[in-house]
$ cat protein-v3.txt   # compact mmCIF, C-alpha atoms
# COMPACT_ATOMS: atom_id res chain seq x y z
CA MET A 19 42.34 79.90 -147.20
CA ALA A 20 39.91 77.04 -147.64
CA THR A 21 40.04 76.36 -143.90
CA GLU A 22 39.50 80.06 -143.11
CA SER A 23 36.55 80.23 -145.55
CA SER A 24 34.98 77.15 -143.97
CA HIS A 25 35.38 78.71 -140.53
CA MET A 26 33.73 82.00 -141.65
CA ALA A 27 30.86 80.08 -143.21
CA TYR A 28 30.35 78.22 -139.93
CA VAL A 29 30.30 81.47 -137.91
CA ILE A 30 27.86 83.18 -140.29
CA GLY A 31 25.58 80.13 -140.21
CA ALA A 32 25.59 80.12 -136.41
CA LEU A 33 24.70 83.82 -136.22
CA ILE A 34 21.81 83.37 -138.64
CA ALA A 35 20.46 80.45 -136.62
CA ALA A 36 20.74 82.45 -133.39
CA GLY A 37 18.90 85.37 -134.99
CA ILE A 38 16.05 83.14 -136.14
CA ALA A 39 15.78 81.59 -132.67
CA TYR A 40 15.67 85.08 -131.06
CA ILE A 41 12.88 86.20 -133.40
CA LEU A 42 10.84 83.06 -132.73
CA LEU A 43 11.29 83.29 -128.96
CA GLY A 44 10.45 86.98 -128.96
CA THR A 45 7.29 86.30 -130.93
CA GLY A 46 6.37 83.57 -128.47
CA ASP A 47 6.70 85.98 -125.52
CA LYS A 48 4.52 88.54 -127.25
CA ALA A 49 1.91 85.89 -127.95
CA LYS A 50 1.82 85.03 -124.25
CA LYS A 51 1.38 88.66 -123.25
CA ALA A 52 -1.38 89.39 -125.74
CA PRO A 53 -3.32 86.20 -126.53
CA VAL A 54 -5.69 86.35 -129.49
CA THR A 55 -8.85 84.51 -130.42
CA THR A 56 -9.49 82.62 -133.65
CA THR A 57 -10.91 85.87 -135.07
CA GLY A 58 -7.59 87.63 -134.54
CA LYS A 59 -9.01 89.96 -131.87
CA PRO A 60 -7.40 90.29 -128.41
CA SER A 61 -8.67 87.73 -125.92
CA THR A 62 -10.70 88.91 -122.91
CA SER A 63 -8.29 86.90 -120.75
CA ALA A 64 -5.51 89.42 -121.48
CA VAL A 65 -3.73 91.03 -118.56
CA GLU A 66 -5.89 93.65 -116.77
CA GLU A 67 -5.04 97.17 -117.86
CA ALA A 68 -5.08 100.18 -115.55
CA VAL A 69 -6.62 103.09 -117.44
CA LEU A 70 -6.10 105.97 -115.00
CA HIS A 71 -3.41 108.50 -115.98
CA ALA A 72 -1.67 110.85 -113.53
CA SER A 73 -1.39 113.89 -115.79
CA GLU A 74 -3.77 113.29 -118.69
CA TYR A 75 -7.52 113.74 -118.31
CA ARG A 76 -9.39 110.80 -119.79
CA LYS A 77 -13.10 110.51 -120.56
CA PHE A 78 -15.41 107.97 -118.95
CA LYS A 79 -19.05 107.39 -119.82
CA LEU A 80 -21.88 107.37 -117.25
CA VAL A 81 -23.71 104.04 -117.50
CA SER A 82 -25.74 103.97 -114.28
CA LYS A 83 -27.09 106.36 -111.65
CA VAL A 84 -28.76 105.18 -108.43
CA GLN A 85 -30.37 107.76 -106.15
CA LEU A 86 -29.36 107.06 -102.53
CA SER A 87 -31.14 110.01 -100.93
CA PRO A 88 -32.85 113.20 -102.16
CA ASN A 89 -29.45 114.86 -102.63
CA SER A 90 -26.97 112.00 -103.11
CA ALA A 91 -26.42 109.31 -105.74
CA ARG A 92 -24.10 106.50 -106.81
CA TYR A 93 -22.67 107.09 -110.29
CA ARG A 94 -21.15 104.23 -112.29
CA PHE A 95 -18.72 105.04 -115.12
CA GLN A 96 -17.61 102.59 -117.79
CA LEU A 97 -13.97 101.69 -118.38
CA PRO A 98 -12.65 100.99 -121.91
CA ALA A 99 -12.77 97.18 -121.55
CA ALA A 100 -14.73 94.64 -119.53
CA ASP A 101 -11.58 93.48 -117.70
CA ALA A 102 -10.02 96.95 -117.30
CA VAL A 103 -9.36 98.41 -113.83
CA LEU A 104 -9.12 102.05 -112.84
CA GLY A 105 -5.66 101.57 -111.30
CA LEU A 106 -6.20 103.67 -108.16
CA PRO A 107 -4.16 102.71 -105.07
CA ILE A 108 -6.25 102.28 -101.92
CA GLY A 109 -6.39 105.59 -100.04
CA ARG A 110 -5.81 107.79 -103.09
CA HIS A 111 -8.37 109.89 -104.95
CA ILE A 112 -9.10 111.16 -108.46
CA SER A 113 -9.57 114.62 -109.93
CA VAL A 114 -12.80 115.24 -111.84
CA MET A 115 -12.79 118.17 -114.28
CA ALA A 116 -15.61 119.86 -116.17
CA VAL A 117 -15.79 122.98 -118.32
CA ILE A 118 -18.53 125.16 -116.82
CA ASP A 119 -19.30 128.62 -118.18
CA GLY A 120 -16.10 128.44 -120.20
CA LYS A 121 -13.88 127.68 -117.21
CA GLU A 122 -12.22 124.42 -116.13
CA VAL A 123 -13.39 123.41 -112.66
CA PHE A 124 -11.74 120.61 -110.66
CA ARG A 125 -12.83 118.62 -107.62
CA SER A 126 -11.36 115.57 -105.87
CA TYR A 127 -13.38 112.42 -105.24
CA THR A 128 -12.59 108.98 -103.86
CA PRO A 129 -14.30 106.10 -105.71
CA THR A 130 -16.23 103.68 -103.53
CA SER A 131 -15.22 100.90 -105.93
CA THR A 132 -11.81 99.22 -105.98
CA ASP A 133 -9.68 97.43 -108.57
CA SER A 134 -11.48 94.20 -107.75
CA ASP A 135 -14.35 95.76 -109.72
CA LYS A 136 -13.67 95.19 -113.40
CA GLY A 137 -14.90 97.34 -116.25
CA PHE A 138 -16.23 100.25 -114.20
CA PHE A 139 -15.70 102.58 -111.25
CA GLU A 140 -18.23 104.23 -108.94
CA LEU A 141 -18.53 107.57 -107.17
CA VAL A 142 -20.95 108.34 -104.34
CA VAL A 143 -21.57 112.08 -104.41
CA LYS A 144 -23.77 114.40 -102.39
CA THR A 145 -25.10 117.37 -104.36
CA TYR A 146 -24.77 120.77 -102.67
CA PRO A 147 -26.56 123.90 -103.94
CA SER A 148 -23.22 125.70 -104.21
CA GLY A 149 -21.31 122.60 -105.38
CA VAL A 150 -20.25 123.24 -108.97
CA ILE A 151 -18.98 119.73 -109.81
CA SER A 152 -21.53 117.88 -107.66
CA SER A 153 -24.33 119.79 -109.43
CA HIS A 154 -22.72 119.03 -112.78
CA LEU A 155 -22.64 115.31 -111.96
CA ALA A 156 -26.29 115.41 -110.87
CA SER A 157 -27.22 116.92 -114.25
CA LEU A 158 -25.55 114.17 -116.29
CA ASN A 159 -27.62 111.85 -118.44
CA ILE A 160 -26.74 108.22 -119.13
CA GLY A 161 -24.14 108.25 -121.89
CA ASP A 162 -22.61 111.59 -120.87
CA GLU A 163 -18.90 111.66 -120.09
CA ILE A 164 -16.67 113.08 -117.35
CA ASN A 165 -12.95 113.93 -117.40
CA VAL A 166 -10.79 112.14 -114.84
CA ARG A 167 -7.11 111.91 -113.95
CA GLY A 168 -5.14 110.52 -111.01
CA PRO A 169 -4.09 109.10 -108.67
CA ARG A 170 -3.84 112.07 -106.33
CA GLY A 171 -3.06 112.27 -102.63
CA ALA A 172 -0.33 111.25 -100.19
CA PHE A 173 -1.94 108.32 -98.37
CA LYS A 174 -1.65 104.75 -99.60
CA TYR A 175 -3.02 101.87 -97.57
CA GLU A 176 -1.03 98.65 -97.15
CA PRO A 177 -2.38 95.56 -95.32
CA ASN A 178 -1.36 95.42 -91.65
CA MET A 179 0.53 98.72 -91.91
CA VAL A 180 -0.69 99.43 -88.36
CA ARG A 181 -2.45 97.48 -85.61
CA ALA A 182 -5.51 99.73 -85.56
CA ILE A 183 -7.02 102.60 -87.53
CA GLY A 184 -9.43 105.16 -86.11
CA MET A 185 -11.55 107.06 -88.63
CA VAL A 186 -13.52 110.28 -88.19
CA ALA A 187 -15.75 111.12 -91.16
CA GLY A 188 -18.28 113.85 -91.76
CA GLY A 189 -20.84 113.70 -94.58
CA THR A 190 -19.26 112.75 -97.90
CA GLY A 191 -15.93 112.44 -96.08
CA ILE A 192 -16.97 108.80 -95.69
CA THR A 193 -15.81 107.88 -99.20
CA PRO A 194 -12.03 107.52 -98.59
CA MET A 195 -12.82 105.69 -95.35
CA TYR A 196 -15.23 103.35 -97.14
CA GLN A 197 -12.58 102.47 -99.70
CA VAL A 198 -10.03 101.56 -97.01
CA ILE A 199 -12.58 99.66 -94.89
CA GLN A 200 -13.74 97.41 -97.72
CA HIS A 201 -10.11 96.70 -98.66
CA VAL A 202 -9.27 95.67 -95.08
CA LEU A 203 -12.35 93.48 -94.66
CA ALA A 204 -11.95 91.78 -98.04
CA ASN A 205 -8.51 90.46 -97.06
CA PRO A 206 -8.58 87.66 -94.43
CA ALA A 207 -4.83 88.13 -93.89
CA ASP A 208 -5.34 91.77 -92.89
CA LYS A 209 -5.83 91.86 -89.12
CA THR A 210 -6.12 95.66 -88.82
CA HIS A 211 -8.92 96.76 -86.49
CA VAL A 212 -10.91 99.70 -87.86
CA SER A 213 -13.10 101.99 -85.72
CA LEU A 214 -15.27 104.57 -87.50
CA VAL A 215 -17.03 107.62 -86.06
CA PHE A 216 -19.38 108.96 -88.74
CA ALA A 217 -21.05 112.36 -88.26
CA ASN A 218 -24.02 113.74 -90.20
CA VAL A 219 -26.79 116.31 -89.88
CA SER A 220 -29.73 113.89 -90.04
CA GLU A 221 -30.28 110.17 -90.40
CA ASP A 222 -31.21 110.58 -94.08
CA ASP A 223 -27.76 112.06 -94.70
CA ILE A 224 -25.88 108.90 -93.65
CA LEU A 225 -24.37 107.60 -96.87
CA LEU A 226 -23.71 103.85 -97.30
CA LYS A 227 -25.20 103.06 -93.88
CA ASP A 228 -26.67 99.69 -94.87
CA GLN A 229 -23.28 98.41 -96.03
CA LEU A 230 -21.42 99.84 -93.03
CA ASP A 231 -23.89 98.17 -90.64
CA LYS A 232 -23.61 94.89 -92.54
CA TRP A 233 -19.81 94.95 -92.28
CA ALA A 234 -19.98 95.76 -88.56
CA ALA A 235 -22.29 92.78 -87.98
CA GLU A 236 -20.12 90.39 -89.99
CA HIS A 237 -16.58 91.40 -88.98
CA ASP A 238 -15.02 91.50 -85.51
CA ASN A 239 -12.34 93.93 -86.66
CA PHE A 240 -14.74 96.72 -87.68
CA ASP A 241 -17.11 98.87 -85.65
CA VAL A 242 -19.01 102.06 -86.44
CA HIS A 243 -20.54 104.77 -84.25
CA TYR A 244 -22.89 107.41 -85.66
CA VAL A 245 -23.28 111.04 -84.55
CA LEU A 246 -26.21 113.22 -85.66
CA ASN A 247 -26.94 116.91 -85.20
CA ASN A 248 -30.68 116.30 -85.58
CA ALA A 249 -31.49 112.88 -84.19
CA PRO A 250 -34.89 111.19 -84.59
CA GLU A 251 -36.82 109.77 -81.66
CA GLY A 252 -35.30 106.51 -80.46
CA TRP A 253 -31.86 107.28 -81.90
CA THR A 254 -29.17 105.13 -80.22
CA GLY A 255 -26.09 106.96 -81.46
CA SER A 256 -24.61 110.22 -80.21
CA VAL A 257 -26.28 113.61 -80.67
CA GLY A 258 -24.60 116.91 -81.48
CA PHE A 259 -21.00 117.23 -82.65
CA VAL A 260 -18.06 114.84 -82.42
CA THR A 261 -16.46 115.61 -79.06
CA LYS A 262 -13.26 114.74 -77.24
CA ASP A 263 -15.22 112.25 -75.12
CA ILE A 264 -16.54 110.48 -78.22
CA LEU A 265 -13.02 110.25 -79.67
CA HIS A 266 -11.65 108.94 -76.37
CA LYS A 267 -14.33 106.24 -76.27
CA TYR A 268 -14.24 105.02 -79.88
CA MET A 269 -10.76 105.73 -81.26
CA PRO A 270 -7.72 103.51 -80.58
CA ALA A 271 -5.56 104.98 -77.82
CA PRO A 272 -2.42 106.90 -78.88
CA ALA A 273 0.39 104.45 -79.73
CA ASP A 274 3.16 103.95 -82.27
CA ASP A 275 1.21 101.27 -84.14
CA ILE A 276 -2.08 103.14 -84.78
CA LYS A 277 -3.27 105.73 -87.26
CA ILE A 278 -6.12 108.26 -87.21
CA LEU A 279 -7.76 109.26 -90.52
CA ILE A 280 -9.96 112.37 -90.82
CA CYS A 281 -12.14 113.58 -93.69
CA GLY A 282 -15.04 115.99 -93.58
CA PRO A 283 -16.05 119.66 -93.62
CA PRO A 284 -13.20 122.05 -92.67
CA PRO A 285 -14.78 123.19 -89.36
CA MET A 286 -15.09 119.57 -88.23
CA VAL A 287 -11.52 118.73 -89.29
CA LYS A 288 -10.20 121.78 -87.38
CA ALA A 289 -12.13 120.79 -84.26
CA MET A 290 -10.75 117.23 -84.46
CA ASP A 291 -7.20 118.60 -84.64
CA GLY A 292 -7.58 120.24 -81.24
CA CYS A 293 -9.41 117.34 -79.59
CA LEU A 294 -6.85 114.76 -80.73
CA VAL A 295 -3.89 116.80 -79.47
CA GLU A 296 -5.60 117.12 -76.07
CA LEU A 297 -6.03 113.34 -76.01
CA GLY A 298 -2.30 112.78 -76.59
CA TYR A 299 -2.14 112.12 -80.33
CA GLU A 300 0.53 113.73 -82.48
CA LYS A 301 -0.39 117.13 -83.87
CA ALA A 302 -1.51 116.86 -87.48
CA ARG A 303 0.35 118.77 -90.19
CA THR A 304 -1.47 121.30 -92.35
CA ILE A 305 -0.69 119.04 -95.32
CA SER A 306 -0.55 115.44 -94.16
CA LYS A 307 2.23 113.00 -95.04
CA HIS A 308 1.78 109.26 -95.52
CA ASP A 309 3.61 108.31 -92.29
CA ASP A 310 1.77 110.79 -90.03
CA GLN A 311 -0.05 109.33 -87.05
CA VAL A 312 -2.99 111.69 -87.78
CA PHE A 313 -3.72 111.95 -91.50
CA LYS A 314 -6.20 114.44 -92.97
CA PHE A 315 -7.55 113.70 -96.46
$ encode --input "protein-v3.txt" --output "structure tokens"
Amino acid sequence: MATESSHMAYVIGALIAAGIAYILLGTGDKAKKAPVTTTGKPSTSAVEEAVLHASEYRKFKLVSKVQLSPNSARYRFQLPAADAVLGLPIGRHISVMAVIDGKEVFRSYTPTSTDSDKGFFELVVKTYPSGVISSHLASLNIGDEINVRGPRGAFKYEPNMVRAIGMVAGGTGITPMYQVIQHVLANPADKTHVSLVFANVSEDDILLKDQLDKWAAEHDNFDVHYVLNNAPEGWTGSVGFVTKDILHKYMPAPADDIKILICGPPPMVKAMDGCLVELGYEKARTISKHDDQVFKF
């Protein structure tokens, strides 16, 4: 009995020691995941937190508004922490909701910022007279909030997913293209060649032109061609609408290792469908899938 009692005491002692070690190790892991300062508050060096939620609308405060043209602006919205990121995969978009005249109204937008931008996200939006959400955004004052959820959409960009990408954008359809372009060019290991055809009514309507031109001058794997309905004197781009000849000249030729991305007004998107099929590209689906050769945002 004495021997048995000694054995039980040994076992109980070992279990207690193991339990204490587990608690201490667990506490150590938690301390690594959430470091604190001497004041007991979380350290700003904590792991970046994605704040976007797929099903829950969350509020974000407007902290800056820069007018880009008479009817377009860049809106910057604050995230909950200085090191927080929106958490939006490249190529996806967000849903912006507002209650207007007692009704919930939704519109999709692609931020021009990426998760390399900490503490904020930005939207470039053109205001249309009949645009309910775009007009609502234009009416916001600094400190006002918007409701956002996401990510939405079927396309997700991955570095070197194809050899070349051709983009056709009209008006504010530039925003998903802009997001992908900056992601490609910011990664030296990404060798994807990107060709953009960007159509607008007038030269004043060309959003983000300075940055696009700067990228084209600095990177061999990006080029941009502009098309205007109403071109000024001395204009060196194309005039009129985007045609089959323009696509043939500036888009990568049909192949298994290329992709064509389209975003713009519905009439333009419909016209591009027909032109691309005539040029030998795969026919686009009504609702695009990630692996489609021709993807419509």
$ residues_around --input "protein-v3.txt" --residues "Thr210 (chain A)" --least-positions-apart "6" --cutoff "6 Å" --atoms "only C-alpha atoms" --output "PDB file with C-alpha atoms, in the coordinates of the input"
ATOM      1  CA  ASN A 178      -1.360  95.420 -91.650  1.00  0.00           C
ATOM      2  CA  ARG A 181      -2.450  97.480 -85.610  1.00  0.00           C
ATOM      3  CA  ALA A 182      -5.510  99.730 -85.560  1.00  0.00           C
TER       4      ALA A 182
END
$ closest_residue --input "protein-v3.txt" --among "A:Val219, A:Ile199, A:Ala273, A:Ala72" --to "Phe240 (chain A)" --atoms "all atoms listed in the file"
A:Ile199
$ closest_atom_pairs --input "protein-v3.txt" --of "region 157-223 of chain A" --to "region 136-144 of chain A" --cutoff "9 Å" --atoms "only C-alpha atoms" --output "JSON lines"
{"residue": "A:Gly189", "atom": "CA", "partner": "A:Lys144", "partner_atom": "CA", "distance": 8.4}
{"residue": "A:Thr190", "atom": "CA", "partner": "A:Lys144", "partner_atom": "CA", "distance": 6.6}
{"residue": "A:Thr193", "atom": "CA", "partner": "A:Val142", "partner_atom": "CA", "distance": 7.3}
{"residue": "A:Asp223", "atom": "CA", "partner": "A:Lys144", "partner_atom": "CA", "distance": 9.0}
$ closest_residue --input "protein-v3.txt" --among "A:Lys301, A:His237, A:Lys79, A:Arg125" --to "Arg170 (chain A)" --atoms "only C-alpha atoms"
A:Arg125
$ atom_distance --input "protein-v3.txt" --atom1 "CA of Met115 (chain A)" --atom2 "CA of Arg76 (chain A)"
9.8 Å
$ atom_distance --input "protein-v3.txt" --atom1 "CA of Gln311 (chain A)" --atom2 "CA of Asp241 (chain A)"
20.1 Å
$ closest_residue --input "protein-v3.txt" --among "A:Gly298, A:Gly120, A:Pro129, A:Pro169" --to "Tyr196 (chain A)" --atoms "all atoms listed in the file"
A:Pro129
$ atom_distance --input "protein-v3.txt" --atom1 "CA of Val123 (chain A)" --atom2 "CA of Thr145 (chain A)"
15.6 Å
$ residues_around --input "protein-v3.txt" --residues "Phe259 (chain A)" --least-positions-apart "3" --cutoff "8 Å" --atoms "all atoms listed in the file" --output "MDAnalysis selection string"
chainID A and resid 217 245:247
$ closest_residue --input "protein-v3.txt" --among "A:Asn159, A:Asp275, A:Gly191, A:Val103" --to "His211 (chain A)" --atoms "all atoms listed in the file"
A:Asp275
$ residues_around --input "protein-v3.txt" --residues "His201 (chain A)" --least-positions-apart "4" --cutoff "10 Å" --atoms "only C-alpha atoms" --output "list of chain:residue names"
A:Ile108, A:Gly109, A:Ser131, A:Thr132, A:Asp133, A:Ser134, A:Tyr175, A:Glu176, A:Pro177, A:Met195, A:Tyr196, A:Gln197, A:Asn205, A:Asp208
$ residues_near_point --input "protein-v3.txt" --point "(-22.1, 122.0, -110.9)" --cutoff "12 Å" --atoms "all atoms listed in the file" --output "compact mmCIF listing (two decimals) with C-alpha atoms, in the frame of the given file"
# COMPACT_ATOMS: atom_id res chain seq x y z
CA VAL A 114 -12.80 115.24 -111.84
CA MET A 115 -12.79 118.17 -114.28
CA ALA A 116 -15.61 119.86 -116.17
CA VAL A 117 -15.79 122.98 -118.32
CA ILE A 118 -18.53 125.16 -116.82
CA ASP A 119 -19.30 128.62 -118.18
CA LYS A 121 -13.88 127.68 -117.21
CA GLU A 122 -12.22 124.42 -116.13
CA VAL A 123 -13.39 123.41 -112.66
CA PHE A 124 -11.74 120.61 -110.66
CA ARG A 125 -12.83 118.62 -107.62
CA VAL A 143 -21.57 112.08 -104.41
CA LYS A 144 -23.77 114.40 -102.39
CA THR A 145 -25.10 117.37 -104.36
CA TYR A 146 -24.77 120.77 -102.67
CA PRO A 147 -26.56 123.90 -103.94
CA SER A 148 -23.22 125.70 -104.21
CA GLY A 149 -21.31 122.60 -105.38
CA VAL A 150 -20.25 123.24 -108.97
CA ILE A 151 -18.98 119.73 -109.81
CA SER A 152 -21.53 117.88 -107.66
CA SER A 153 -24.33 119.79 -109.43
CA HIS A 154 -22.72 119.03 -112.78
CA LEU A 155 -22.64 115.31 -111.96
CA ALA A 156 -26.29 115.41 -110.87
CA SER A 157 -27.22 116.92 -114.25
CA LEU A 158 -25.55 114.17 -116.29
$ residues_around --input "protein-v3.txt" --residues "Ala187 (chain A)" --least-positions-apart "4" --cutoff "6 Å" --atoms "all atoms listed in the file" --output "list of chain:residue names"
A:Gly191, A:Ile192, A:Phe216, A:Ile280, A:Cys281, A:Gly282
$ residues_around --input "protein-v3.txt" --residues "Phe315 (chain A)" --least-positions-apart "3" --cutoff "12 Å" --atoms "all atoms listed in the file" --output "VMD selection string"
chain A and resid 109 to 111 126 to 128 170 to 174 185 to 188 190 to 195 278 to 284 287 302 to 308 310 312
$ closest_residue --input "protein-v3.txt" --among "A:Asp101, A:Glu221, A:Lys277, A:Met269" --to "Gly252 (chain A)" --atoms "all atoms listed in the file"
A:Glu221
$ closest_residue --input "protein-v3.txt" --among "A:Leu294, A:Leu265, A:Leu203, A:Ala249" --to "Glu236 (chain A)" --atoms "all atoms listed in the file"
A:Leu203
$ build_atoms --input "protein-v3.txt" --residues "region 122-131 of chain A" --atoms "all heavy atoms" --output "PDB file, keeping the file's coordinate frame"
ATOM      1  N   GLU A 122     -12.486 125.771-116.640  1.00  0.00           N
ATOM      2  CA  GLU A 122     -12.220 124.420-116.130  1.00  0.00           C
ATOM      3  C   GLU A 122     -12.338 124.416-114.613  1.00  0.00           C
ATOM      4  O   GLU A 122     -11.688 125.205-113.933  1.00  0.00           O
ATOM      5  CB  GLU A 122     -10.830 123.954-116.553  1.00  0.00           C
ATOM      6  CG  GLU A 122     -10.693 123.725-118.057  1.00  0.00           C
ATOM      7  CD  GLU A 122      -9.357 123.133-118.432  1.00  0.00           C
ATOM      8  OE1 GLU A 122      -8.444 123.110-117.570  1.00  0.00           O
ATOM      9  OE2 GLU A 122      -9.196 122.685-119.586  1.00  0.00           O
ATOM     10  N   VAL A 123     -13.170 123.529-114.109  1.00  0.00           N
ATOM     11  CA  VAL A 123     -13.390 123.410-112.660  1.00  0.00           C
ATOM     12  C   VAL A 123     -12.990 122.006-112.236  1.00  0.00           C
ATOM     13  O   VAL A 123     -13.323 121.020-112.910  1.00  0.00           O
ATOM     14  CB  VAL A 123     -14.873 123.667-112.303  1.00  0.00           C
ATOM     15  CG1 VAL A 123     -15.064 123.611-110.793  1.00  0.00           C
ATOM     16  CG2 VAL A 123     -15.324 125.021-112.850  1.00  0.00           C
ATOM     17  N   PHE A 124     -12.271 121.893-111.122  1.00  0.00           N
ATOM     18  CA  PHE A 124     -11.740 120.610-110.660  1.00  0.00           C
ATOM     19  C   PHE A 124     -12.248 120.322-109.247  1.00  0.00           C
ATOM     20  O   PHE A 124     -12.341 121.222-108.413  1.00  0.00           O
ATOM     21  CB  PHE A 124     -10.208 120.640-110.609  1.00  0.00           C
ATOM     22  CG  PHE A 124      -9.552 121.220-111.821  1.00  0.00           C
ATOM     23  CD1 PHE A 124      -9.400 122.589-111.974  1.00  0.00           C
ATOM     24  CD2 PHE A 124      -9.075 120.384-112.818  1.00  0.00           C
ATOM     25  CE1 PHE A 124      -8.789 123.129-113.094  1.00  0.00           C
ATOM     26  CE2 PHE A 124      -8.458 120.909-113.939  1.00  0.00           C
ATOM     27  CZ  PHE A 124      -8.316 122.288-114.076  1.00  0.00           C
ATOM     28  N   ARG A 125     -12.528 119.055-108.979  1.00  0.00           N
ATOM     29  CA  ARG A 125     -12.830 118.620-107.620  1.00  0.00           C
ATOM     30  C   ARG A 125     -12.263 117.214-107.429  1.00  0.00           C
ATOM     31  O   ARG A 125     -12.163 116.433-108.380  1.00  0.00           O
ATOM     32  CB  ARG A 125     -14.339 118.599-107.344  1.00  0.00           C
ATOM     33  CG  ARG A 125     -14.995 119.961-107.281  1.00  0.00           C
ATOM     34  CD  ARG A 125     -14.566 120.784-106.094  1.00  0.00           C
ATOM     35  NE  ARG A 125     -15.263 122.069-106.036  1.00  0.00           N
ATOM     36  CZ  ARG A 125     -14.895 123.178-106.658  1.00  0.00           C
ATOM     37  NH1 ARG A 125     -13.803 123.160-107.435  1.00  0.00           N
ATOM     38  NH2 ARG A 125     -15.579 124.291-106.547  1.00  0.00           N
ATOM     39  N   SER A 126     -11.912 116.889-106.183  1.00  0.00           N
ATOM     40  CA  SER A 126     -11.360 115.570-105.870  1.00  0.00           C
ATOM     41  C   SER A 126     -12.443 114.662-105.299  1.00  0.00           C
ATOM     42  O   SER A 126     -13.246 115.094-104.465  1.00  0.00           O
ATOM     43  CB  SER A 126     -10.216 115.698-104.848  1.00  0.00           C
ATOM     44  OG  SER A 126      -9.131 116.398-105.413  1.00  0.00           O
ATOM     45  N   TYR A 127     -12.437 113.415-105.732  1.00  0.00           N
ATOM     46  CA  TYR A 127     -13.380 112.420-105.240  1.00  0.00           C
ATOM     47  C   TYR A 127     -12.666 111.087-105.052  1.00  0.00           C
ATOM     48  O   TYR A 127     -11.742 110.755-105.805  1.00  0.00           O
ATOM     49  CB  TYR A 127     -14.550 112.220-106.212  1.00  0.00           C
ATOM     50  CG  TYR A 127     -15.469 113.405-106.321  1.00  0.00           C
ATOM     51  CD1 TYR A 127     -15.351 114.303-107.376  1.00  0.00           C
ATOM     52  CD2 TYR A 127     -16.458 113.637-105.369  1.00  0.00           C
ATOM     53  CE1 TYR A 127     -16.190 115.404-107.487  1.00  0.00           C
ATOM     54  CE2 TYR A 127     -17.310 114.734-105.470  1.00  0.00           C
ATOM     55  CZ  TYR A 127     -17.164 115.613-106.521  1.00  0.00           C
ATOM     56  OH  TYR A 127     -18.002 116.703-106.630  1.00  0.00           O
ATOM     57  N   THR A 128     -13.116 110.324-104.073  1.00  0.00           N
ATOM     58  CA  THR A 128     -12.590 108.980-103.860  1.00  0.00           C
ATOM     59  C   THR A 128     -13.637 107.963-104.318  1.00  0.00           C
ATOM     60  O   THR A 128     -14.751 107.949-103.782  1.00  0.00           O
ATOM     61  CB  THR A 128     -12.272 108.723-102.381  1.00  0.00           C
ATOM     62  OG1 THR A 128     -11.348 109.712-101.920  1.00  0.00           O
ATOM     63  CG2 THR A 128     -11.661 107.341-102.208  1.00  0.00           C
ATOM     64  N   PRO A 129     -13.334 107.129-105.289  1.00  0.00           N
ATOM     65  CA  PRO A 129     -14.300 106.100-105.710  1.00  0.00           C
ATOM     66  C   PRO A 129     -14.630 105.152-104.552  1.00  0.00           C
ATOM     67  O   PRO A 129     -13.770 104.863-103.716  1.00  0.00           O
ATOM     68  CB  PRO A 129     -13.563 105.365-106.830  1.00  0.00           C
ATOM     69  CG  PRO A 129     -12.557 106.344-107.347  1.00  0.00           C
ATOM     70  CD  PRO A 129     -12.118 107.121-106.131  1.00  0.00           C
ATOM     71  N   THR A 130     -15.854 104.694-104.520  1.00  0.00           N
ATOM     72  CA  THR A 130     -16.230 103.680-103.530  1.00  0.00           C
ATOM     73  C   THR A 130     -15.975 102.280-104.072  1.00  0.00           C
ATOM     74  O   THR A 130     -16.104 101.302-103.341  1.00  0.00           O
ATOM     75  CB  THR A 130     -17.713 103.824-103.143  1.00  0.00           C
ATOM     76  OG1 THR A 130     -18.514 103.860-104.326  1.00  0.00           O
ATOM     77  CG2 THR A 130     -17.934 105.114-102.356  1.00  0.00           C
ATOM     78  N   SER A 131     -15.623 102.176-105.340  1.00  0.00           N
ATOM     79  CA  SER A 131     -15.220 100.900-105.930  1.00  0.00           C
ATOM     80  C   SER A 131     -13.721 100.723-105.782  1.00  0.00           C
ATOM     81  O   SER A 131     -12.998 101.675-105.443  1.00  0.00           O
ATOM     82  CB  SER A 131     -15.605 100.863-107.418  1.00  0.00           C
ATOM     83  OG  SER A 131     -15.062 101.988-108.097  1.00  0.00           O
TER      84      SER A 131
END
